[in-house]
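Source file target_35.cif; content: mmCIF, N, CA, C and O atoms.
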```
data_protein
#
loop_
_atom_site.label_atom_id
_atom_site.label_comp_id
_atom_site.auth_asym_id
_atom_site.auth_seq_id
_atom_site.Cartn_x
_atom_site.Cartn_y
_atom_site.Cartn_z
N MET W 1 -22.24 -9.12 2.91
CA MET W 1 -21.09 -9.22 2.03
C MET W 1 -19.96 -8.35 2.56
O MET W 1 -20.19 -7.20 2.93
N ARG W 2 -18.76 -8.87 2.60
CA ARG W 2 -17.63 -8.08 3.06
C ARG W 2 -17.05 -7.27 1.91
O ARG W 2 -16.98 -7.74 0.77
N THR W 3 -16.65 -6.07 2.21
CA THR W 3 -16.04 -5.19 1.21
C THR W 3 -14.54 -5.23 1.40
O THR W 3 -14.02 -4.98 2.48
N MET W 4 -13.83 -5.55 0.33
CA MET W 4 -12.37 -5.61 0.35
C MET W 4 -11.82 -4.26 -0.10
O MET W 4 -12.28 -3.69 -1.08
N ALA W 5 -10.83 -3.76 0.64
CA ALA W 5 -10.17 -2.50 0.29
C ALA W 5 -8.73 -2.79 -0.12
O ALA W 5 -8.05 -3.61 0.50
N SER W 6 -8.30 -2.15 -1.17
CA SER W 6 -6.91 -2.25 -1.61
C SER W 6 -6.24 -0.91 -1.44
O SER W 6 -6.73 0.11 -1.93
N VAL W 7 -5.12 -0.90 -0.75
CA VAL W 7 -4.32 0.31 -0.56
C VAL W 7 -3.18 0.26 -1.57
O VAL W 7 -2.35 -0.66 -1.52
N ILE W 8 -3.17 1.21 -2.50
CA ILE W 8 -2.17 1.25 -3.57
C ILE W 8 -1.09 2.24 -3.16
O ILE W 8 -1.37 3.41 -2.93
N ILE W 9 0.15 1.76 -3.10
CA ILE W 9 1.26 2.57 -2.60
C ILE W 9 2.37 2.63 -3.65
O ILE W 9 3.15 1.68 -3.79
N PRO W 10 2.47 3.73 -4.40
CA PRO W 10 3.62 3.89 -5.29
C PRO W 10 4.83 4.31 -4.45
O PRO W 10 4.70 5.12 -3.53
N SER W 11 6.00 3.76 -4.75
CA SER W 11 7.16 4.08 -3.93
C SER W 11 8.43 4.07 -4.78
O SER W 11 8.67 3.14 -5.55
N HIS W 12 9.22 5.11 -4.61
CA HIS W 12 10.53 5.19 -5.26
C HIS W 12 11.55 5.56 -4.20
O HIS W 12 11.39 6.58 -3.53
N ARG W 13 12.52 4.71 -4.02
CA ARG W 13 13.54 4.91 -2.98
C ARG W 13 12.87 5.03 -1.60
O ARG W 13 13.23 5.88 -0.80
N GLY W 14 11.91 4.17 -1.35
CA GLY W 14 11.08 4.32 -0.15
C GLY W 14 11.30 3.33 0.96
O GLY W 14 10.44 3.22 1.84
N ALA W 15 12.40 2.60 0.97
CA ALA W 15 12.58 1.54 1.98
C ALA W 15 12.37 2.05 3.40
O ALA W 15 11.66 1.43 4.19
N GLU W 16 12.96 3.16 3.74
CA GLU W 16 12.83 3.70 5.11
C GLU W 16 11.40 4.15 5.39
O GLU W 16 10.84 3.87 6.44
N ARG W 17 10.78 4.82 4.44
CA ARG W 17 9.41 5.30 4.63
C ARG W 17 8.42 4.13 4.67
O ARG W 17 7.47 4.14 5.45
N LEU W 18 8.62 3.13 3.82
CA LEU W 18 7.70 2.00 3.76
C LEU W 18 7.60 1.25 5.08
O LEU W 18 6.52 0.83 5.48
N GLY W 19 8.72 1.08 5.74
CA GLY W 19 8.69 0.38 7.03
C GLY W 19 7.76 1.07 8.01
O GLY W 19 6.97 0.42 8.71
N ARG W 20 7.83 2.38 8.06
CA ARG W 20 6.94 3.14 8.98
C ARG W 20 5.49 3.03 8.52
O ARG W 20 4.60 2.79 9.34
N LEU W 21 5.24 3.23 7.23
CA LEU W 21 3.86 3.15 6.74
C LEU W 21 3.27 1.76 7.00
O LEU W 21 2.13 1.65 7.47
N LEU W 22 4.01 0.73 6.71
CA LEU W 22 3.49 -0.63 6.91
C LEU W 22 3.20 -0.92 8.38
O LEU W 22 2.24 -1.63 8.69
N SER W 23 3.96 -0.33 9.27
CA SER W 23 3.65 -0.52 10.70
C SER W 23 2.35 0.20 11.06
O SER W 23 1.58 -0.28 11.89
N TRP W 24 2.11 1.35 10.45
CA TRP W 24 0.83 2.05 10.67
C TRP W 24 -0.32 1.22 10.10
O TRP W 24 -1.39 1.09 10.71
N LEU W 25 -0.13 0.65 8.92
CA LEU W 25 -1.18 -0.17 8.31
C LEU W 25 -1.46 -1.44 9.13
O LEU W 25 -2.59 -1.91 9.18
N ALA W 26 -0.45 -1.98 9.77
CA ALA W 26 -0.63 -3.18 10.59
C ALA W 26 -1.61 -2.96 11.73
O ALA W 26 -2.20 -3.91 12.25
N ALA W 27 -1.82 -1.71 12.12
CA ALA W 27 -2.72 -1.39 13.23
C ALA W 27 -4.15 -1.07 12.78
O ALA W 27 -4.97 -0.63 13.60
N GLN W 28 -4.48 -1.32 11.54
CA GLN W 28 -5.81 -0.97 11.04
C GLN W 28 -6.91 -1.79 11.71
O GLN W 28 -6.74 -2.98 11.97
N THR W 29 -8.03 -1.14 11.97
CA THR W 29 -9.18 -1.80 12.61
C THR W 29 -10.05 -2.54 11.60
O THR W 29 -10.79 -3.44 11.98
N TYR W 30 -9.98 -2.16 10.34
CA TYR W 30 -10.79 -2.82 9.31
C TYR W 30 -10.07 -4.11 8.89
O TYR W 30 -8.90 -4.08 8.52
N PRO W 31 -10.77 -5.24 8.93
CA PRO W 31 -10.08 -6.52 8.72
C PRO W 31 -9.87 -6.95 7.26
O PRO W 31 -9.04 -7.82 7.00
N HIS W 32 -10.59 -6.38 6.32
CA HIS W 32 -10.57 -6.89 4.94
C HIS W 32 -9.85 -5.92 4.01
O HIS W 32 -10.49 -5.12 3.31
N TRP W 33 -8.55 -6.00 4.01
CA TRP W 33 -7.77 -5.10 3.17
C TRP W 33 -6.48 -5.78 2.73
O TRP W 33 -6.07 -6.78 3.28
N GLU W 34 -5.90 -5.19 1.71
CA GLU W 34 -4.59 -5.60 1.21
C GLU W 34 -3.83 -4.33 0.85
O GLU W 34 -4.43 -3.28 0.59
N ALA W 35 -2.52 -4.43 0.85
CA ALA W 35 -1.68 -3.34 0.37
C ALA W 35 -0.93 -3.85 -0.85
O ALA W 35 -0.41 -4.97 -0.85
N VAL W 36 -0.90 -3.03 -1.89
CA VAL W 36 -0.12 -3.33 -3.08
C VAL W 36 0.91 -2.21 -3.22
O VAL W 36 0.55 -1.07 -3.50
N VAL W 37 2.17 -2.54 -2.96
CA VAL W 37 3.24 -1.56 -3.06
C VAL W 37 3.88 -1.72 -4.44
O VAL W 37 4.29 -2.82 -4.82
N VAL W 38 3.95 -0.62 -5.17
CA VAL W 38 4.62 -0.63 -6.46
C VAL W 38 5.98 0.03 -6.28
O VAL W 38 6.06 1.23 -6.03
N VAL W 39 7.02 -0.78 -6.36
CA VAL W 39 8.38 -0.29 -6.22
C VAL W 39 8.80 0.23 -7.60
O VAL W 39 9.03 -0.55 -8.52
N ASP W 40 8.87 1.53 -7.71
CA ASP W 40 9.12 2.20 -8.99
C ASP W 40 10.62 2.43 -9.16
O ASP W 40 11.14 3.51 -8.92
N GLY W 41 11.31 1.39 -9.57
CA GLY W 41 12.75 1.44 -9.74
C GLY W 41 13.42 0.80 -8.54
O GLY W 41 13.39 1.34 -7.45
N ILE W 42 13.99 -0.38 -8.73
CA ILE W 42 14.61 -1.10 -7.62
C ILE W 42 16.00 -0.52 -7.38
O ILE W 42 16.92 -0.78 -8.14
N VAL W 43 16.11 0.31 -6.34
CA VAL W 43 17.38 0.96 -6.04
C VAL W 43 17.75 0.87 -4.56
O VAL W 43 18.80 1.35 -4.16
N ASP W 44 16.88 0.28 -3.74
CA ASP W 44 17.15 0.18 -2.31
C ASP W 44 16.55 -1.12 -1.77
O ASP W 44 16.25 -2.02 -2.54
N ASP W 45 16.36 -1.20 -0.48
CA ASP W 45 15.85 -2.42 0.16
C ASP W 45 14.33 -2.47 0.27
O ASP W 45 13.81 -3.18 1.13
N SER W 46 13.62 -1.78 -0.58
CA SER W 46 12.16 -1.74 -0.50
C SER W 46 11.54 -3.14 -0.56
O SER W 46 10.65 -3.46 0.21
N LEU W 47 12.00 -3.97 -1.49
CA LEU W 47 11.43 -5.31 -1.61
C LEU W 47 11.67 -6.14 -0.34
O LEU W 47 10.80 -6.89 0.08
N ARG W 48 12.81 -5.97 0.28
CA ARG W 48 13.10 -6.68 1.53
C ARG W 48 12.16 -6.21 2.65
O ARG W 48 11.69 -7.01 3.45
N VAL W 49 11.87 -4.91 2.70
CA VAL W 49 10.95 -4.36 3.71
C VAL W 49 9.56 -4.96 3.51
O VAL W 49 8.89 -5.35 4.47
N ILE W 50 9.13 -5.06 2.27
CA ILE W 50 7.81 -5.61 1.96
C ILE W 50 7.75 -7.09 2.33
O ILE W 50 6.78 -7.56 2.94
N GLU W 51 8.79 -7.84 1.99
CA GLU W 51 8.84 -9.26 2.34
C GLU W 51 8.82 -9.47 3.85
O GLU W 51 8.17 -10.39 4.34
N ALA W 52 9.52 -8.63 4.59
CA ALA W 52 9.53 -8.74 6.05
C ALA W 52 8.14 -8.49 6.61
O ALA W 52 7.67 -9.20 7.51
N ALA W 53 7.43 -7.50 6.06
CA ALA W 53 6.07 -7.21 6.52
C ALA W 53 5.14 -8.37 6.20
O ALA W 53 4.30 -8.75 7.02
N ARG W 54 5.30 -8.95 5.03
CA ARG W 54 4.48 -10.11 4.66
C ARG W 54 4.78 -11.27 5.59
O ARG W 54 3.89 -11.99 6.03
N GLY W 55 6.05 -11.47 5.93
CA GLY W 55 6.44 -12.51 6.87
C GLY W 55 5.86 -12.32 8.25
O GLY W 55 5.63 -13.27 8.99
N ASP W 56 5.57 -11.05 8.59
CA ASP W 56 4.93 -10.74 9.87
C ASP W 56 3.41 -10.86 9.79
O ASP W 56 2.71 -10.53 10.74
N GLY W 57 2.89 -11.31 8.64
CA GLY W 57 1.46 -11.54 8.50
C GLY W 57 0.67 -10.39 7.90
O GLY W 57 -0.55 -10.45 7.83
N LEU W 58 1.33 -9.36 7.45
CA LEU W 58 0.63 -8.21 6.85
C LEU W 58 0.19 -8.58 5.43
O LEU W 58 0.96 -9.19 4.68
N PRO W 59 -1.04 -8.24 5.06
CA PRO W 59 -1.53 -8.58 3.72
C PRO W 59 -0.98 -7.60 2.67
O PRO W 59 -1.68 -6.74 2.15
N VAL W 60 0.30 -7.74 2.37
CA VAL W 60 0.96 -6.83 1.45
C VAL W 60 1.67 -7.64 0.36
O VAL W 60 2.19 -8.71 0.62
N ARG W 61 1.63 -7.11 -0.83
CA ARG W 61 2.38 -7.72 -1.93
C ARG W 61 2.97 -6.60 -2.76
O ARG W 61 2.66 -5.43 -2.56
N SER W 62 3.81 -6.98 -3.69
CA SER W 62 4.51 -5.94 -4.45
C SER W 62 4.47 -6.20 -5.94
O SER W 62 4.31 -7.33 -6.40
N VAL W 63 4.59 -5.09 -6.65
CA VAL W 63 4.86 -5.07 -8.08
C VAL W 63 6.12 -4.23 -8.18
O VAL W 63 6.26 -3.24 -7.46
N SER W 64 7.05 -4.61 -9.03
CA SER W 64 8.26 -3.82 -9.10
C SER W 64 8.68 -3.56 -10.54
O SER W 64 8.48 -4.40 -11.41
N PHE W 65 9.24 -2.38 -10.73
CA PHE W 65 9.82 -1.99 -12.01
C PHE W 65 11.33 -1.94 -11.82
O PHE W 65 11.81 -1.44 -10.80
N SER W 66 12.07 -2.42 -12.78
CA SER W 66 13.53 -2.40 -12.66
C SER W 66 14.08 -0.98 -12.76
O SER W 66 15.14 -0.68 -12.22
N GLU W 67 13.35 -0.11 -13.42
CA GLU W 67 13.75 1.30 -13.49
C GLU W 67 12.55 2.19 -13.24
O GLU W 67 11.40 1.77 -13.38
N ASN W 68 12.81 3.41 -12.86
CA ASN W 68 11.75 4.37 -12.52
C ASN W 68 10.90 4.68 -13.75
O ASN W 68 11.42 5.12 -14.77
N ARG W 69 9.59 4.47 -13.63
CA ARG W 69 8.65 4.78 -14.71
C ARG W 69 7.73 5.94 -14.36
O ARG W 69 6.93 6.36 -15.18
N GLY W 70 7.78 6.40 -13.12
CA GLY W 70 6.95 7.54 -12.72
C GLY W 70 5.72 7.12 -11.95
O GLY W 70 5.28 5.97 -11.99
N ARG W 71 5.17 8.11 -11.24
CA ARG W 71 4.03 7.87 -10.34
C ARG W 71 2.80 7.33 -11.08
O ARG W 71 2.13 6.42 -10.60
N SER W 72 2.48 7.88 -12.24
CA SER W 72 1.28 7.43 -12.97
C SER W 72 1.38 5.96 -13.36
O SER W 72 0.43 5.19 -13.18
N ALA W 73 2.53 5.56 -13.88
CA ALA W 73 2.72 4.15 -14.25
C ALA W 73 2.64 3.25 -13.02
O ALA W 73 2.06 2.17 -13.06
N ALA W 74 3.23 3.72 -11.91
CA ALA W 74 3.19 2.94 -10.68
C ALA W 74 1.75 2.79 -10.18
O ALA W 74 1.33 1.69 -9.78
N LEU W 75 1.00 3.87 -10.18
CA LEU W 75 -0.40 3.79 -9.74
C LEU W 75 -1.21 2.87 -10.64
O LEU W 75 -2.00 2.04 -10.16
N ASN W 76 -1.03 2.98 -11.95
CA ASN W 76 -1.77 2.11 -12.87
C ASN W 76 -1.43 0.65 -12.65
O ASN W 76 -2.31 -0.21 -12.67
N ALA W 77 -0.15 0.34 -12.41
CA ALA W 77 0.25 -1.04 -12.15
C ALA W 77 -0.36 -1.54 -10.84
O ALA W 77 -0.81 -2.69 -10.75
N GLY W 78 -0.39 -0.69 -9.84
CA GLY W 78 -0.99 -1.06 -8.56
C GLY W 78 -2.48 -1.30 -8.68
O GLY W 78 -3.02 -2.25 -8.10
N LEU W 79 -3.14 -0.45 -9.43
CA LEU W 79 -4.58 -0.63 -9.64
C LEU W 79 -4.86 -1.94 -10.36
O LEU W 79 -5.78 -2.69 -10.00
N ALA W 80 -4.05 -2.25 -11.37
CA ALA W 80 -4.24 -3.48 -12.13
C ALA W 80 -3.99 -4.72 -11.27
O ALA W 80 -4.63 -5.76 -11.46
N ALA W 81 -3.09 -4.62 -10.31
CA ALA W 81 -2.75 -5.78 -9.47
C ALA W 81 -3.64 -5.93 -8.25
O ALA W 81 -3.59 -6.95 -7.57
N SER W 82 -4.47 -4.95 -7.98
CA SER W 82 -5.28 -4.99 -6.76
C SER W 82 -6.52 -5.86 -6.95
O SER W 82 -6.97 -6.09 -8.07
N SER W 83 -7.06 -6.33 -5.84
CA SER W 83 -8.27 -7.16 -5.90
C SER W 83 -9.42 -6.56 -5.09
O SER W 83 -10.45 -7.20 -4.94
N GLY W 84 -9.25 -5.35 -4.60
CA GLY W 84 -10.26 -4.75 -3.74
C GLY W 84 -11.46 -4.18 -4.49
O GLY W 84 -11.39 -3.88 -5.68
N ASP W 85 -12.55 -4.04 -3.74
CA ASP W 85 -13.74 -3.38 -4.25
C ASP W 85 -13.57 -1.86 -4.17
O ASP W 85 -14.15 -1.13 -4.93
N ILE W 86 -12.80 -1.44 -3.19
CA ILE W 86 -12.51 -0.02 -2.96
C ILE W 86 -11.00 0.14 -3.06
O ILE W 86 -10.24 -0.61 -2.44
N LEU W 87 -10.58 1.12 -3.86
CA LEU W 87 -9.15 1.37 -4.06
C LEU W 87 -8.78 2.66 -3.36
O LEU W 87 -9.43 3.69 -3.55
N ILE W 88 -7.73 2.60 -2.57
CA ILE W 88 -7.28 3.75 -1.79
C ILE W 88 -5.83 4.04 -2.17
O ILE W 88 -4.96 3.18 -2.02
N ARG W 89 -5.58 5.24 -2.64
CA ARG W 89 -4.22 5.64 -2.99
C ARG W 89 -3.52 6.14 -1.73
O ARG W 89 -4.11 6.87 -0.94
N CYS W 90 -2.27 5.75 -1.56
CA CYS W 90 -1.55 6.12 -0.35
C CYS W 90 -0.08 6.37 -0.67
O CYS W 90 0.58 5.48 -1.22
N ASP W 91 0.43 7.54 -0.35
CA ASP W 91 1.86 7.79 -0.51
C ASP W 91 2.64 7.01 0.53
O ASP W 91 2.13 6.70 1.61
N ASP W 92 3.89 6.72 0.24
CA ASP W 92 4.69 5.89 1.15
C ASP W 92 5.19 6.63 2.39
O ASP W 92 5.80 6.03 3.26
N ASP W 93 4.89 7.92 2.48
CA ASP W 93 5.36 8.69 3.65
C ASP W 93 4.22 9.11 4.59
O ASP W 93 4.42 9.93 5.47
N LEU W 94 3.03 8.52 4.42
CA LEU W 94 1.91 8.88 5.28
C LEU W 94 1.97 8.14 6.62
O LEU W 94 2.52 7.05 6.72
N GLU W 95 1.38 8.77 7.61
CA GLU W 95 1.13 8.13 8.90
C GLU W 95 -0.38 8.08 9.05
O GLU W 95 -1.02 9.11 9.18
N VAL W 96 -0.94 6.88 8.99
CA VAL W 96 -2.40 6.75 8.97
C VAL W 96 -2.91 6.25 10.32
O VAL W 96 -2.30 5.38 10.94
N PRO W 97 -4.03 6.79 10.78
CA PRO W 97 -4.61 6.34 12.05
C PRO W 97 -5.21 4.94 11.91
O PRO W 97 -5.49 4.48 10.79
N PRO W 98 -5.46 4.27 13.01
CA PRO W 98 -5.95 2.89 12.98
C PRO W 98 -7.27 2.68 12.24
O PRO W 98 -7.51 1.61 11.70
N ALA W 99 -8.14 3.67 12.20
CA ALA W 99 -9.43 3.51 11.52
C ALA W 99 -9.43 4.13 10.12
O ALA W 99 -10.49 4.36 9.54
N TRP W 100 -8.26 4.34 9.55
CA TRP W 100 -8.14 5.01 8.25
C TRP W 100 -8.84 4.24 7.14
O TRP W 100 -9.66 4.79 6.41
N ILE W 101 -8.56 2.95 7.00
CA ILE W 101 -9.21 2.15 5.96
C ILE W 101 -10.69 2.00 6.26
O ILE W 101 -11.53 2.14 5.36
N GLU W 102 -11.03 1.78 7.50
CA GLU W 102 -12.44 1.65 7.90
C GLU W 102 -13.23 2.90 7.52
O GLU W 102 -14.37 2.80 7.03
N ALA W 103 -12.65 4.07 7.71
CA ALA W 103 -13.32 5.33 7.35
C ALA W 103 -13.54 5.42 5.84
O ALA W 103 -14.60 5.86 5.38
N HIS W 104 -12.55 5.01 5.05
CA HIS W 104 -12.70 5.03 3.60
C HIS W 104 -13.84 4.10 3.17
O HIS W 104 -14.68 4.49 2.35
N VAL W 105 -13.87 2.91 3.72
CA VAL W 105 -14.91 1.95 3.36
C VAL W 105 -16.29 2.48 3.76
O VAL W 105 -17.26 2.38 2.99
N ALA W 106 -16.37 3.09 4.94
CA ALA W 106 -17.66 3.62 5.41
C ALA W 106 -18.18 4.71 4.49
O ALA W 106 -19.39 4.80 4.25
N LEU W 107 -17.31 5.53 3.93
CA LEU W 107 -17.74 6.59 3.03
C LEU W 107 -18.36 6.02 1.75
O LEU W 107 -19.22 6.65 1.14
N HIS W 108 -17.93 4.84 1.35
CA HIS W 108 -18.48 4.22 0.15
C HIS W 108 -19.78 3.46 0.41
O HIS W 108 -20.46 3.07 -0.52
N ALA W 109 -20.12 3.26 1.67
CA ALA W 109 -21.33 2.52 2.01
C ALA W 109 -22.57 3.40 2.01
O ALA W 109 -23.68 2.90 2.15
N VAL W 110 -22.38 4.68 1.86
CA VAL W 110 -23.50 5.62 1.91
C VAL W 110 -24.38 5.49 0.70
O VAL W 110 -24.02 5.23 -0.37
#
```

Could you write out this structure as structure tokens?
Amino acid sequence: MRTMASVIIPSHRGAERLGRLLSWLAAQTYPHWEAVVVVDGIVDDSLRVIEAARGDGLPVRSVSFSENRGRSAALNAGLAASSGDILIRCDDDLEVPPAWIEAHVALHAV
């Protein structure tokens, strides 16, 4: 059975940071994952960055709030929208190594 991982990314004013994070996620070695970006207040080009990544084949989708509701609300919305067996919280300014998701999944297999 394959284990699906969901990476939950709350983001506020994160268009520039998201582009870098999504490029890091594109290099993941684990094949069964999705990213759910919660845009907490639409104030920049975050949705366009997410759409471009999806157009490049990245398994990413978005939930968006028209105004800032805070990190907790964003995380809860991301969790509700995710379909993974394993949920991984990720800030939009992280730089993750290629085996980052694989390592998280392996820790849950013990």

Practice problem: Please identify all polymer residues within 8 Å of Asp93 in chain W, counting only N, CA, C and O atoms, omitting same-chain residues fewer than 5 positions from it, and present them as a PyMOL selection string. | Solution: chain W and resi 10-11+14+16-18+20-21

Exercise. Would you please extract all alpha helix (DSSP H) residues from chain W, as assigned by DSSP on the backbone, and give them as a ChimeraX atom specification?
Key: /W:15-26,46-55,71-81,100-108

Quiz prompt | Residue list as a list in words for point (-13.2, -8.8, 3.0), cut-off 6 Å, only C-alpha atoms | solution =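 Looking at atoms near the point gives Arg2, Thr3, Met4 and His32 of chain W.
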
Exercise. Output the residue selection produced by the PyMOL selection byres (((chain W and resi 37 and name CA) around 9) and name CA) on the file above, formatted as a VMD selection string.
Key: chain W and resid 7 to 11 18 35 to 36 38 to 39 50 60 to 64 74 78 92

Set the distance at 12 Å and use only C-alpha atoms: which residues neighbour Tyr30 in chain W once local chain neighbours fewer than 5 positions away are removed? I'd like the list as a JSON list (two decimals) with N, CA, C and O atoms, keeping the file's coordinate frame.
```json
[["chain", "number", "residue", "atom", "x", "y", "z"],
["W", 2, "ARG", "N", -18.76, -8.87, 2.60],
["W", 2, "ARG", "CA", -17.63, -8.08, 3.06],
["W", 2, "ARG", "C", -17.05, -7.27, 1.91],
["W", 2, "ARG", "O", -16.98, -7.74, 0.77],
["W", 3, "THR", "N", -16.65, -6.07, 2.21],
["W", 3, "THR", "CA", -16.04, -5.19, 1.21],
["W", 3, "THR", "C", -14.54, -5.23, 1.40],
["W", 3, "THR", "O", -14.02, -4.98, 2.48],
["W", 4, "MET", "N", -13.83, -5.55, 0.33],
["W", 4, "MET", "CA", -12.37, -5.61, 0.35],
["W", 4, "MET", "C", -11.82, -4.26, -0.10],
["W", 4, "MET", "O", -12.28, -3.69, -1.08],
["W", 5, "ALA", "N", -10.83, -3.76, 0.64],
["W", 5, "ALA", "CA", -10.17, -2.50, 0.29],
["W", 5, "ALA", "C", -8.73, -2.79, -0.12],
["W", 5, "ALA", "O", -8.05, -3.61, 0.50],
["W", 6, "SER", "N", -8.30, -2.15, -1.17],
["W", 6, "SER", "CA", -6.91, -2.25, -1.61],
["W", 6, "SER", "C", -6.24, -0.91, -1.44],
["W", 6, "SER", "O", -6.73, 0.11, -1.93],
["W", 25, "LEU", "N", -0.13, 0.65, 8.92],
["W", 25, "LEU", "CA", -1.18, -0.17, 8.31],
["W", 25, "LEU", "C", -1.46, -1.44, 9.13],
["W", 25, "LEU", "O", -2.59, -1.91, 9.18],
["W", 97, "PRO", "N", -4.03, 6.79, 10.78],
["W", 97, "PRO", "CA", -4.61, 6.34, 12.05],
["W", 97, "PRO", "C", -5.21, 4.94, 11.91],
["W", 97, "PRO", "O", -5.49, 4.48, 10.79],
["W", 98, "PRO", "N", -5.46, 4.27, 13.01],
["W", 98, "PRO", "CA", -5.95, 2.89, 12.98],
["W", 98, "PRO", "C", -7.27, 2.68, 12.24],
["W", 98, "PRO", "O", -7.51, 1.61, 11.70],
["W", 99, "ALA", "N", -8.14, 3.67, 12.20],
["W", 99, "ALA", "CA", -9.43, 3.51, 11.52],
["W", 99, "ALA", "C", -9.43, 4.13, 10.12],
["W", 99, "ALA", "O", -10.49, 4.36, 9.54],
["W", 100, "TRP", "N", -8.26, 4.34, 9.55],
["W", 100, "TRP", "CA", -8.14, 5.01, 8.25],
["W", 100, "TRP", "C", -8.84, 4.24, 7.14],
["W", 100, "TRP", "O", -9.66, 4.79, 6.41],
["W", 101, "ILE", "N", -8.56, 2.95, 7.00],
["W", 101, "ILE", "CA", -9.21, 2.15, 5.96],
["W", 101, "ILE", "C", -10.69, 2.00, 6.26],
["W", 101, "ILE", "O", -11.53, 2.14, 5.36],
["W", 102, "GLU", "N", -11.03, 1.78, 7.50],
["W", 102, "GLU", "CA", -12.44, 1.65, 7.90],
["W", 102, "GLU", "C", -13.23, 2.90, 7.52],
["W", 102, "GLU", "O", -14.37, 2.80, 7.03],
["W", 103, "ALA", "N", -12.65, 4.07, 7.71],
["W", 103, "ALA", "CA", -13.32, 5.33, 7.35],
["W", 103, "ALA", "C", -13.54, 5.42, 5.84],
["W", 103, "ALA", "O", -14.60, 5.86, 5.38],
["W", 104, "HIS", "N", -12.55, 5.01, 5.05],
["W", 104, "HIS", "CA", -12.70, 5.03, 3.60],
["W", 104, "HIS", "C", -13.84, 4.10, 3.17],
["W", 104, "HIS", "O", -14.68, 4.49, 2.35],
["W", 105, "VAL", "N", -13.87, 2.91, 3.72],
["W", 105, "VAL", "CA", -14.91, 1.95, 3.36],
["W", 105, "VAL", "C", -16.29, 2.48, 3.76],
["W", 105, "VAL", "O", -17.26, 2.38, 2.99],
["W", 106, "ALA", "N", -16.37, 3.09, 4.94],
["W", 106, "ALA", "CA", -17.66, 3.62, 5.41],
["W", 106, "ALA", "C", -18.18, 4.71, 4.49],
["W", 106, "ALA", "O", -19.39, 4.80, 4.25]]
```

Quiz prompt | Atomic distance CA of Asp44 in chain W - CA of Gly19 in chain W, expressed in Å with one decimal | solution = 12.6 Å

Quiz prompt | Residue nearest Pro59 in chain W - candidates W:Leu79, W:Leu94, W:Ala26, W:Ala109, atoms counted: all atoms listed in the file | solution =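 That would be W:Ala26, the residue with the smallest distance to Pro59 in chain W.
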
Exercise. Give the strand (DSSP E) residues of range 72-106 of chain W, as DSSP finds them on the backbone, and put them as a list in words.
Key: Ile86, Leu87, Ile88 and Arg89 of chain W

I need the chosen residues saved as a tab-separated table (two decimals), keeping the file's coordinate frame, with N, CA, C and O atoms.
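Saved as out-v5.tsv:
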```
chain	number	residue	atom	x	y	z
W	86	ILE	N	-12.80	-1.44	-3.19
W	86	ILE	CA	-12.51	-0.02	-2.96
W	86	ILE	C	-11.00	0.14	-3.06
W	86	ILE	O	-10.24	-0.61	-2.44
W	87	LEU	N	-10.58	1.12	-3.86
W	87	LEU	CA	-9.15	1.37	-4.06
W	87	LEU	C	-8.78	2.66	-3.36
W	87	LEU	O	-9.43	3.69	-3.55
W	88	ILE	N	-7.73	2.60	-2.57
W	88	ILE	CA	-7.28	3.75	-1.79
W	88	ILE	C	-5.83	4.04	-2.17
W	88	ILE	O	-4.96	3.18	-2.02
W	89	ARG	N	-5.58	5.24	-2.64
W	89	ARG	CA	-4.22	5.64	-2.99
W	89	ARG	C	-3.52	6.14	-1.73
W	89	ARG	O	-4.11	6.87	-0.94
```

Self-check item: Pick from W:His12, W:Ser23, W:Gly41, W:Val96, whichever lies nearest to Asn68 in chain W using all atoms listed in the file
Solution: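 Looking at the shortest contact to Asn68 in chain W, the residue is W:Gly41.
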